[in-house]
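Reviewing the structure listed below.
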Amino acid sequence: MTEMIERPGLGPFERVRGMAPRAPFPRLLPVRQRYDVPTESDVAAATRRELAPLQARIRPGMSVAVTAGSRGIHDLAIVVRAACDWLRDAGAAPFVVPAMGSHGGATAEGQLAVLASYGITEESMGVPVRATMDTVVLGRVADGPQVHLDANAAQADGILLVNRIKPHTDFHGEVESGLAKIAAIGLGKQRGAEGIHLYGSAGLARWIPAVARHIVDTGRVLGGLGIVENAHERTARVAFVEPDGIAGPAETALLAEAGRLLGRLPFDDLDVLVVDELGKDKSGSGLDTNVIGRMWIPGVPEPPRPQITTITVHAISKASYGNAVGVGLADFVPFRVLEDIDLHAVYVNAMTSGIGGVRRAKLPIALPTDRDAVAAAILMCGRPDLENVRLVRVHDTLDTVHLLVAESLRAEVEAQPQLEIIDEPAPFACTPEGALPAWPDAL
């Protein structure tokens, strides 16, 4: 049921402030999902070890641009710092370049701020950080887009690509999110990213590798450090990829490994998924489409699982700086999310993404509080027996280890050996102000 408090004379947004959906909330079981995954114990040492094949190619004083992207990679600052230290010890003059397409509001200052939020600054890295949105055009891929390269990277004697390798949230292919992408999209800056996305999300599987290979074939790229993370969002492996393996078999093999390690929800179908926070540091799409089972891009097939009827989102991560692109993948938000959105950042990102940003930048149904958003999601999920709603709450789509699961799913939890109920169920009771309850200490 939805109650309405009449407030004559106010606009439609103000009138929504009087809406108060009412639905039964389930009791939630704290559940931990266990993954048997590898973990790199010393990421800096692994980075230095993997760079050893480059030793013979480093000339005294040669300048090397080291890429740093805009994703929430757990050990990005450690890998970038270790790479810069190794290059300097080998006699090179490294510097860091932001490689993130149009993120950071498509400004050099914004991209520096994104890197700073990850702990990557001139002071912490011990090398210059050079940001620009200017590019050099290296040519055009046959029947495809122009090839843009960050102007600072183009002036360097060499380029070392650094990025996490994982399944992409917009398409699937032999090469997805990784070294080829940070070369083609990241170092392409806004103009390069826009040019590739003009061919549609379905075309990314073709044009990202092609543009990346064009850049590699200039001879500027020394190689790449591919970071593979496990389901706990920790580094499983750091691997050096030779130039001929970028957008090639070596990167494809690392993508397959990353896919096996990717964290996923342990249920094939849910009525409601409550996500505390979305963000560009969580996924390029704000919400990881491989986790929520929604692509929502015309012409791109939907994932077969999981099937989730309604999704609520309750905050934008601070590291996103208001860029809530991907909020359109959700169905309900509290007003607070609308207030925190930087529409300019969202629209720049969405327009750069082309067709991939059309639906993902739309605004969901907005209601006054967290309680209202969850209640509406339960009421509209299509389940007649609401007391048995299949609901799961997660902090974000990067974390599928810590789950709050409706009691109606207890039998399914107990049937899966990787799932452990770690405490007694507790009511899903919001605060008097309608805010989400705090996570239990056990999680």
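So you can find residues: chains in the structure tokens are A, B, ... in the order shown, residues in each start at 1, and ligands are numbered from 1 in order.
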Problem - Polymer residues at most 6 Å from region 33-48 of chain A, only C-alpha atoms, same-chain spacing of 4 or more positions, as a PyMOL selection string - result: chain A and resi 79+82+235-237+401+418-419
Practice task
Can you pull out every residue within 9 Å of region 132-140 of chain A, counting only C-alpha atoms, but drop anything in the same chain fewer than 5 positions away, and send it as a list of chain:residue names?
Solution key: A:Val97, A:Pro98, A:Gly101, A:Ser102, A:Ala106, A:Thr107, A:Ala108, A:Glu109, A:Gln111, A:Pro145, A:Gln146, A:Val147, A:His148, A:Leu149, A:Asp150, A:Ala151, A:Asn152, A:Ala153, A:Ala154, A:Leu187, A:Gly188, A:Lys189, A:Gln190, A:Arg191, A:Gly192, A:Val211, A:His214, A:Ile215, A:Thr218
Exercise for the section: Can you pull out every residue within 10 Å of Gly354 (chain A), counting only C-alpha atoms, but drop anything in the same chain fewer than 5 positions away, and send it as a list in words? Expected result: Ala193, Glu194, Gly195, Ile196, His197, Leu198, Tyr199, Gly200, Ser201 and Asn349 of chain A
Keeping only C-alpha atoms, write those residues as a JSON list (two decimals), in the first residue's frame.
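This went into selection-v7.json:
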[["chain", "number", "residue", "atom", "x", "y", "z"],
["A", 193, "ALA", "CA", 36.75, 6.98, -26.46],
["A", 194, "GLU", "CA", 33.92, 8.76, -28.26],
["A", 195, "GLY", "CA", 35.22, 7.65, -31.64],
["A", 196, "ILE", "CA", 35.27, 4.00, -30.65],
["A", 197, "HIS", "CA", 31.89, 4.12, -28.90],
["A", 198, "LEU", "CA", 30.27, 5.63, -32.02],
["A", 199, "TYR", "CA", 30.32, 2.10, -33.42],
["A", 200, "GLY", "CA", 28.07, 0.88, -30.61],
["A", 201, "SER", "CA", 28.71, -1.40, -27.68],
["A", 349, "ASN", "CA", 30.40, 9.83, -19.49]]
Exercise for the section: Within 12 Å of Met295 (chain A), counting only C-alpha atoms, which residues show up once you throw out same-chain ones fewer than 4 positions away? Write them as an NGL selection string, please. Expected result: :A and (168-172 or 201-202 or 285-291 or 299-307 or 326 or 328-330 or 355-360)
Write to file, as a PDB file, in the first residue's frame, the residues of the selection just made, with C-alpha atoms.
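Listing of again-v3.pdb after writing:
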ATOM      1  CA  HIS A 168      33.714  -6.077 -19.439  1.00  0.00           C
ATOM      2  CA  THR A 169      30.339  -4.717 -18.396  1.00  0.00           C
ATOM      3  CA  ASP A 170      29.229  -3.695 -21.925  1.00  0.00           C
ATOM      4  CA  PHE A 171      30.239  -6.581 -24.174  1.00  0.00           C
ATOM      5  CA  HIS A 172      31.966  -9.954 -24.279  1.00  0.00           C
ATOM      6  CA  SER A 201      28.713  -1.398 -27.682  1.00  0.00           C
ATOM      7  CA  ALA A 202      28.548  -4.490 -29.877  1.00  0.00           C
ATOM      8  CA  SER A 285      28.963   0.776 -15.289  1.00  0.00           C
ATOM      9  CA  GLY A 286      28.514   1.800 -11.645  1.00  0.00           C
ATOM     10  CA  LEU A 287      26.883  -1.566 -11.000  1.00  0.00           C
ATOM     11  CA  ASP A 288      28.736  -4.582 -12.389  1.00  0.00           C
ATOM     12  CA  THR A 289      26.470  -5.984 -15.080  1.00  0.00           C
ATOM     13  CA  ASN A 290      28.075  -9.416 -14.702  1.00  0.00           C
ATOM     14  CA  VAL A 291      26.848  -9.465 -11.088  1.00  0.00           C
ATOM     15  CA  GLY A 299      21.701  -4.939 -29.508  1.00  0.00           C
ATOM     16  CA  VAL A 300      23.665  -6.567 -26.671  1.00  0.00           C
ATOM     17  CA  PRO A 301      22.270  -9.874 -25.292  1.00  0.00           C
ATOM     18  CA  GLU A 302      21.266  -9.964 -21.632  1.00  0.00           C
ATOM     19  CA  PRO A 303      23.186 -12.324 -19.310  1.00  0.00           C
ATOM     20  CA  PRO A 304      21.360 -15.606 -18.647  1.00  0.00           C
ATOM     21  CA  ARG A 305      21.716 -15.183 -14.875  1.00  0.00           C
ATOM     22  CA  PRO A 306      20.918 -13.904 -12.390  1.00  0.00           C
ATOM     23  CA  GLN A 307      17.370 -12.755 -13.030  1.00  0.00           C
ATOM     24  CA  GLY A 326      24.858   3.281 -14.314  1.00  0.00           C
ATOM     25  CA  GLY A 328      19.751   3.694 -14.770  1.00  0.00           C
ATOM     26  CA  LEU A 329      20.469   0.010 -14.153  1.00  0.00           C
ATOM     27  CA  ALA A 330      18.600   0.418 -10.860  1.00  0.00           C
ATOM     28  CA  ILE A 355      24.502   3.795 -27.218  1.00  0.00           C
ATOM     29  CA  GLY A 356      25.912   2.127 -24.107  1.00  0.00           C
ATOM     30  CA  GLY A 357      25.041   5.176 -22.021  1.00  0.00           C
ATOM     31  CA  VAL A 358      21.468   5.773 -23.180  1.00  0.00           C
ATOM     32  CA  ARG A 359      19.575   3.606 -20.705  1.00  0.00           C
ATOM     33  CA  ARG A 360      22.231   3.537 -17.997  1.00  0.00           C
TER      34      ARG A 360
END
Handout entry: All strand (DSSP E) residues (DSSP, backbone) inside region 400-429 of chain A, as a PyMOL selection string
Key = chain A and resi 402-406+419-421+426-427
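Once Gly226 (chain A) and its same-chain neighbours fewer than 5 positions away are set aside, A:Val162, A:Asn163, A:Arg164, A:Ile165, A:Gly178, A:Leu179, A:Val238, A:Ala239, A:Phe240, A:Val241, A:Leu254 remain within 8 Å of it when counting only C-alpha atoms.
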